[in-house]
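A.B. asks: Structure: data.tsv, TSV, C-alpha atoms and all ligand atoms.
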chain	number	residue	atom	x	y	z
O	89	MET	CA	2.81	-28.68	10.67
O	90	THR	CA	2.38	-29.62	6.97
O	91	ASP	CA	-0.99	-27.89	7.14
O	92	LEU	CA	0.58	-24.70	8.45
O	93	LEU	CA	3.16	-24.79	5.67
O	94	SER	CA	0.51	-25.10	3.00
O	95	ILE	CA	-1.61	-22.33	4.56
O	96	GLU	CA	1.47	-20.10	4.61
O	97	GLU	CA	2.19	-20.87	0.95
O	98	ARG	CA	-1.35	-19.99	0.03
O	99	ARG	CA	-1.20	-16.83	2.16
O	100	LEU	CA	1.89	-15.59	0.30
O	101	SER	CA	0.37	-16.13	-3.13
O	102	GLU	CA	-2.94	-14.50	-2.07
O	103	GLN	CA	-1.01	-11.60	-0.53
O	104	GLU	CA	0.71	-11.02	-3.88
O	105	ARG	CA	-2.58	-11.28	-5.75
O	106	LEU	CA	-4.37	-8.82	-3.44
O	107	ASP	CA	-1.43	-6.39	-3.55
O	108	ARG	CA	-1.64	-6.40	-7.35
O	109	LEU	CA	-5.34	-5.41	-7.22
O	110	ARG	CA	-4.43	-2.01	-5.78
O	111	SER	CA	-2.36	0.79	-7.27
O	112	ALA	CA	0.73	2.08	-5.45
O	113	ASP	CA	-1.24	5.21	-4.45
O	114	GLU	CA	-4.11	3.16	-3.02
O	115	ARG	CA	-1.71	0.97	-1.04
O	116	ASN	CA	-0.11	4.13	0.29
O	117	GLU	CA	-3.44	5.52	1.42
O	118	TRP	CA	-4.38	2.26	3.14
O	119	GLY	CA	-0.88	1.73	4.56
O	120	GLN	CA	-0.75	-1.72	2.95
O	121	PHE	CA	2.80	-3.00	3.17
O	122	ALA	CA	2.97	-6.58	4.36
O	123	THR	CA	5.72	-7.70	6.72
O	124	PRO	CA	8.13	-10.08	4.92
O	125	PRO	CA	7.93	-13.57	6.48
O	126	PRO	CA	11.59	-13.71	7.69
O	127	LEU	CA	11.10	-10.42	9.54
O	128	ALA	CA	7.79	-11.60	11.04
O	129	VAL	CA	9.51	-14.77	12.25
O	130	ASP	CA	12.44	-12.75	13.72
O	131	ILE	CA	9.96	-10.58	15.62
O	132	LEU	CA	8.12	-13.63	17.00
O	133	ARG	CA	11.47	-15.17	18.00
O	134	LEU	CA	12.21	-11.97	19.92
O	135	ALA	CA	8.77	-12.28	21.54
O	136	GLN	CA	9.62	-15.82	22.55
O	137	THR	CA	12.88	-14.77	24.23
O	138	LEU	CA	10.94	-12.16	26.23
O	139	TRP	CA	8.04	-14.49	27.03
O	140	ASN	CA	7.05	-15.66	30.52
O	141	GLY	CA	7.86	-19.36	30.19
O	142	ASN	CA	4.89	-21.59	29.39
O	143	GLU	CA	2.15	-19.01	29.81
O	144	ARG	CA	-0.40	-19.48	27.02
O	145	VAL	CA	-0.65	-16.71	24.45
O	146	ARG	CA	-3.70	-14.51	23.84
O	147	PHE	CA	-2.60	-12.84	20.62
O	148	MET	CA	-3.88	-9.69	18.95
O	149	ASP	CA	-2.93	-7.85	15.73
O	150	PRO	CA	-4.94	-4.64	15.18
O	151	ALA	CA	-4.04	-4.45	11.43
O	152	ILE	CA	-3.73	-8.10	10.55
O	153	GLY	CA	-3.61	-8.04	6.72
O	154	THR	CA	-3.41	-11.69	5.63
O	155	GLY	CA	-1.85	-12.67	8.98
O	156	SER	CA	1.93	-12.57	8.64
O	157	PHE	CA	2.49	-12.22	12.40
O	158	TYR	CA	-0.14	-14.84	13.22
O	159	SER	CA	1.53	-17.27	10.84
O	160	ALA	CA	4.90	-16.58	12.47
O	161	LEU	CA	3.30	-16.97	15.92
O	162	LEU	CA	2.11	-20.49	15.09
O	163	LYS	CA	5.50	-21.36	13.63
O	164	VAL	CA	7.56	-20.05	16.56
O	165	PHE	CA	5.34	-20.71	19.60
O	166	GLY	CA	3.37	-23.66	18.21
O	167	SER	CA	-0.43	-23.80	18.15
O	168	GLU	CA	-0.64	-25.63	21.54
O	169	GLN	CA	0.68	-22.50	23.26
O	170	VAL	CA	-1.92	-20.23	21.67
O	171	ALA	CA	-5.09	-19.93	23.77
O	172	ALA	CA	-6.79	-17.22	21.67
O	173	ALA	CA	-6.02	-15.02	18.68
O	174	HIS	CA	-7.81	-12.02	17.22
O	175	GLY	CA	-7.13	-9.75	14.27
O	176	ILE	CA	-8.75	-6.58	12.97
O	177	GLU	CA	-8.52	-5.46	9.35
O	178	LEU	CA	-10.19	-2.57	7.54
O	179	ASP	CA	-9.88	-3.84	3.97
O	180	PRO	CA	-12.66	-6.40	3.37
O	181	LEU	CA	-10.53	-8.31	0.85
O	182	PHE	CA	-7.72	-8.83	3.35
O	183	ALA	CA	-10.12	-9.47	6.24
O	184	GLU	CA	-11.99	-12.19	4.29
O	185	MET	CA	-8.73	-13.73	3.14
O	186	ALA	CA	-7.29	-13.85	6.67
O	187	ALA	CA	-10.53	-15.35	8.01
O	188	SER	CA	-10.67	-18.03	5.33
O	189	LEU	CA	-6.97	-18.93	5.52
O	190	TRP	CA	-6.83	-19.30	9.28
O	191	GLU	CA	-10.43	-20.28	10.21
O	192	LYS	CA	-9.52	-23.82	11.28
O	193	THR	CA	-6.68	-22.62	13.52
O	194	GLY	CA	-8.78	-20.53	15.91
O	195	LEU	CA	-8.07	-16.99	14.68
O	196	SER	CA	-11.07	-14.63	14.81
O	197	VAL	CA	-11.02	-11.73	12.36
O	198	ALA	CA	-13.12	-8.55	12.50
O	199	ASN	CA	-13.52	-6.49	9.34
O	200	ALA	CA	-13.45	-3.05	10.94
O	201	ASP	CA	-11.53	0.14	11.57
O	202	PHE	CA	-9.43	-0.70	14.62
O	203	THR	CA	-9.51	2.88	15.86
O	204	THR	CA	-13.30	2.77	16.32
O	205	GLN	CA	-13.38	-0.61	18.08
O	206	ARG	CA	-14.19	-0.90	21.75
O	207	PRO	CA	-11.53	-2.78	23.69
O	208	PRO	CA	-12.73	-5.95	25.45
O	209	GLN	CA	-13.88	-5.44	29.04
O	210	ASN	CA	-12.84	-8.78	30.50
O	211	THR	CA	-10.32	-10.88	28.63
O	212	LYS	CA	-7.56	-8.73	27.22
O	213	TYR	CA	-4.47	-9.78	25.27
O	214	ASN	CA	-1.03	-10.71	26.55
O	215	LEU	CA	0.82	-10.58	23.20
O	216	LEU	CA	0.13	-7.78	20.73
O	217	ILE	CA	2.30	-7.50	17.62
O	218	SER	CA	1.71	-4.85	15.00
O	219	ASN	CA	2.95	-3.37	11.76
O	220	PRO	CA	0.30	-0.63	11.77
O	221	PRO	CA	-0.78	1.20	8.61
O	222	TYR	CA	1.69	3.94	7.83
O	223	VAL	CA	-0.88	6.47	6.66
O	224	ARG	CA	0.35	10.05	6.66
O	225	HIS	CA	-1.82	12.73	8.23
O	226	HIS	CA	-2.62	14.41	4.91
O	227	HIS	CA	-4.42	11.23	3.76
O	228	MET	CA	-6.81	11.49	6.75
O	229	THR	CA	-9.78	13.89	6.92
O	230	ALA	CA	-9.94	16.59	9.59
O	231	GLU	CA	-12.95	14.80	11.17
O	232	TYR	CA	-11.14	11.47	11.32
O	233	LYS	CA	-8.06	13.08	12.89
O	234	ALA	CA	-10.25	14.90	15.45
O	235	ALA	CA	-11.98	11.60	16.38
O	236	LEU	CA	-8.60	9.85	16.77
O	237	LYS	CA	-7.31	12.67	18.95
O	238	ARG	CA	-10.41	12.47	21.20
O	239	SER	CA	-10.23	8.68	21.57
O	240	VAL	CA	-6.52	8.73	22.43
O	241	LEU	CA	-6.98	11.51	24.97
O	242	GLU	CA	-9.94	9.72	26.56
O	243	ARG	CA	-8.20	6.32	26.76
O	244	VAL	CA	-4.59	7.19	27.60
O	245	GLY	CA	-4.70	10.87	28.55
O	246	ILE	CA	-2.10	11.83	25.94
O	247	ARG	CA	-2.52	14.66	23.42
O	248	THR	CA	-1.52	13.82	19.84
O	249	SER	CA	-0.54	16.27	17.12
O	250	GLY	CA	-2.61	16.70	13.95
O	251	LEU	CA	0.61	16.03	12.02
O	252	ALA	CA	1.06	12.53	13.46
O	253	GLY	CA	0.56	9.53	11.16
O	254	LEU	CA	-2.09	6.88	11.84
O	255	TYR	CA	0.45	4.55	13.48
O	256	THR	CA	0.61	6.95	16.47
O	257	SER	CA	-3.08	6.46	17.25
O	258	PHE	CA	-2.79	2.69	16.70
O	259	LEU	CA	0.03	2.41	19.23
O	260	LEU	CA	-1.72	4.54	21.85
O	261	LEU	CA	-5.18	3.02	21.37
O	262	CYS	CA	-3.80	-0.50	21.75
O	263	ASP	CA	-3.02	0.38	25.36
O	264	SER	CA	-6.56	-0.54	26.42
O	265	TRP	CA	-6.40	-3.96	24.70
O	266	LEU	CA	-3.47	-5.12	26.81
O	267	GLU	CA	-3.58	-6.93	30.12
O	268	PRO	CA	-1.03	-6.00	32.81
O	269	GLY	CA	2.26	-7.74	32.03
O	270	ALA	CA	1.42	-8.04	28.30
O	271	LEU	CA	4.22	-7.96	25.75
O	272	SER	CA	3.79	-5.69	22.73
O	273	ILE	CA	6.11	-5.30	19.74
O	274	TRP	CA	5.74	-2.61	17.07
O	275	LEU	CA	7.21	-2.08	13.64
O	276	ILE	CA	7.00	1.69	13.23
O	277	PRO	CA	8.98	4.42	11.46
O	278	SER	CA	11.88	5.76	13.52
O	279	GLU	CA	10.82	9.39	12.81
O	280	PHE	CA	8.94	9.52	16.13
O	281	MET	CA	12.29	9.85	17.91
O	282	ASP	CA	13.19	13.11	16.14
O	283	VAL	CA	10.11	15.01	15.06
O	284	ASN	CA	7.92	17.27	17.23
O	285	TYR	CA	4.78	15.29	16.40
O	286	GLY	CA	6.50	12.18	17.78
O	287	ASP	CA	6.15	13.54	21.33
O	288	ALA	CA	2.95	11.56	22.05
O	289	VAL	CA	4.70	8.25	21.23
O	290	ARG	CA	7.79	9.30	23.23
O	291	GLU	CA	5.61	10.27	26.20
O	292	TYR	CA	3.75	6.94	26.04
O	293	LEU	CA	6.93	4.85	25.81
O	294	THR	CA	8.65	6.69	28.63
O	295	SER	CA	5.74	7.00	31.08
O	296	LYS	CA	3.12	4.29	30.53
O	297	VAL	CA	5.11	1.16	29.68
O	298	ASP	CA	8.33	-0.57	30.58
O	299	LEU	CA	10.29	-0.01	27.35
O	300	LEU	CA	12.45	-3.08	26.73
O	301	ARG	CA	14.35	-2.02	23.61
O	302	ILE	CA	14.33	0.04	20.43
O	303	SER	CA	15.91	-1.73	17.47
O	304	SER	CA	16.91	-0.42	14.10
O	305	LEU	CA	18.49	-3.28	12.19
O	306	LEU	CA	20.43	-2.82	8.98
O	307	PRO	CA	22.25	-6.05	8.18
O	308	PHE	CA	23.78	-6.43	4.71
O	309	ARG	CA	26.33	-8.62	2.98
O	310	TYR	CA	29.05	-6.95	0.95
O	311	PRO	CA	29.36	-6.65	-2.01
O	312	VAL	CA	26.32	-6.91	-4.25
O	313	LEU	CA	26.42	-10.15	-6.28
O	401	LIG	C1	1.42	-2.36	7.20
O	401	LIG	S1	0.07	-3.43	6.81
O	401	LIG	C2	0.43	-4.81	7.86
O	401	LIG	C3	-0.36	-6.04	7.57
O	401	LIG	C4	0.05	-7.29	8.32
O	401	LIG	N1	-0.13	-7.17	9.77
O	401	LIG	C5	1.51	-7.59	8.06
O	401	LIG	O1	2.32	-7.35	8.96
O	401	LIG	O2	1.82	-8.05	6.95
O	401	LIG	C6	-1.28	-2.59	7.62
O	401	LIG	C7	-2.66	-3.20	7.42
O	401	LIG	O3	-3.60	-2.38	8.11
O	401	LIG	C8	-4.79	-2.29	7.37
O	401	LIG	N2	-5.49	-1.08	7.83
O	401	LIG	C9	-5.40	0.19	7.36
O	401	LIG	N3	-6.15	1.02	8.10
O	401	LIG	C10	-6.72	0.25	9.07
O	401	LIG	C11	-7.61	0.54	10.15
O	401	LIG	N4	-8.04	1.78	10.39
O	401	LIG	N5	-8.02	-0.49	10.95
O	401	LIG	C12	-7.58	-1.77	10.73
O	401	LIG	N6	-6.74	-2.09	9.72
O	401	LIG	C13	-6.31	-1.10	8.91
O	401	LIG	C14	-4.32	-2.26	5.92
O	401	LIG	O4	-5.37	-2.67	5.04
O	401	LIG	C15	-3.15	-3.26	5.97
O	401	LIG	O5	-3.61	-4.57	5.70
Using structure tokens, write down the structure from this file.
C.D. replies:
Amino acid sequence: MTDLLSIEERRLSEQERLDRLRSADERNEWGQFATPPPLAVDILRLAQTLWNGNERVRFMDPAIGTGSFYSALLKVFGSEQVAAAHGIELDPLFAEMAASLWEKTGLSVANADFTTQRPPQNTKYNLLISNPPYVRHHHMTAEYKAALKRSVLERVGIRTSGLAGLYTSFLLLCDSWLEPGALSIWLIPSEFMDVNYGDAVREYLTSKVDLLRISSLLPFRYPVL
């Protein structure tokens, strides 16, 4: 437990250091906005309330950053309940950091573009939590968008719009990483509920999965101190 606390402390200071290496524009283009630890823990607590008893966790985060959800997973579920854990990260600095921070805890990290990765054939994941990169369509090339569209159509049979952000493809492509009965929780912009290009996400959530809830939390304490 003390070990986990010190890894988490180091993770937070490295996260800050790595964030400072990039300009605001670069972070925007990479969709690099880390999940604050209290929110990550809240999400894992929600996962725990929806979990099937003592079943061991095979965890996956397709855009792992430094591992905020993995850290919260160990804190909330405990490492004994985690049978396997895998993260994918495009930015080599974040991928190396996640691998070095968590190497002794059993997390495997791939430095790769999640959208080009082949899903595993045999062992899939039963808990997938993601705060995917919020990269707007105009930061992606026409070729990249066409490749995303093809992969999504091939894997889930859903047509995406060229105006959809990268998070749409992440959500739909994760489908083939999940085992039947898997729990998946996503931190995504609420725009998909209103805009035309959100139809692919709406179709997926209403036809391919058992949607458990949509939350939009806005707690505050009044007044400002
Ligand atoms: C919103 S951040 C979330 C990071 C971490 N999971 C968290 O919650 O703090 C998204 C992460 O996805 C990474 N990323 C961007 N494009 C990616 C891609 N195509 N494949 C994998 N990771 C990607 C970014 O570098 C960034 O670390």
A.B. asks: Could you give me, as a ChimeraX atom specification, every polymer residue with an atom at most 9 Å away from an atom of ligand LIG 401 (chain O), counting all atoms listed in the file?
C.D. replies: /O:103,115,117-125,128,149-158,175-183,198-205,217-223,254,258,275
A.B. asks: Mind checking which residues fall within 10 Å of Gly253 of chain O, counting all atoms listed in the file, ignoring those fewer than 4 positions away in the same chain, and posting them as an MDAnalysis selection string?
C.D. replies: chainID O and resid 221:228 233 248:249 257:258 277 280 285:286
A.B. asks: Go ahead and compute the interatomic distance for atom CA of Leu138 of chain O and atom CA of Tyr292 of chain O, in Å to one decimal.
C.D. replies: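 According to the coordinates, atom CA of Leu138 of chain O and atom CA of Tyr292 of chain O are separated by 20.4 Å.
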A.B. asks: Hey, can you pull every residue with an atom no more than 9 Å from (-1.0, -5.2, 23.1), using all atoms listed in the file, and send it as a list of chain:residue names?
C.D. replies: O:Phe147, O:Met148, O:Asp149, O:Pro150, O:Lys212, O:Tyr213, O:Asn214, O:Leu215, O:Leu216, O:Ile217, O:Ser218, O:Leu259, O:Cys262, O:Asp263, O:Ser264, O:Trp265, O:Leu266, O:Glu267, O:Ala270, O:Leu271, O:Ser272, O:Ile273
A.B. asks: If I take atom CA of Glu242 of chain O and atom CA of His174 of chain O, how far is one from the other in Å, to one decimal?
C.D. replies: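 Between these atoms lies a distance of 23.8 Å.
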A.B. asks: Which of these, O:Val297, O:Leu195, O:Val289, O:Leu305, has the shortest distance to Ser167 of chain O once you count all atoms listed in the file?
C.D. replies: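 Result for the nearest residue to Ser167 of chain O: O:Leu195.
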A.B. asks: Tell me, in Å to one decimal, how far atom CA of Leu236 of chain O is from atom CA of Leu261 of chain O.
C.D. replies: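 Answer for the atom CA of Leu236 of chain O to atom CA of Leu261 of chain O separation: 8.9 Å.
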A.B. asks: Identify the residues within 7 Å of coordinate (-8.3, -16.6, 16.1) (same frame as the file), considering all atoms listed in the file, and give the answer as a list of chain:residue names.
C.D. replies: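 Collected hits near the coordinates: O:Ala172, O:Ala173, O:His174, O:Thr193, O:Gly194, O:Leu195, O:Ser196, O:Val197.
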A.B. asks: Could you check the closest approach to Phe165 of chain O for each of O:Gln136, O:Ser278, O:Gln209, O:Ser188 and tell me which residue wins, using only C-alpha atoms?
C.D. replies: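 Going through O:Gln136, O:Ser278, O:Gln209, O:Ser188 one by one, the smallest distance to Phe165 of chain O is for O:Gln136.
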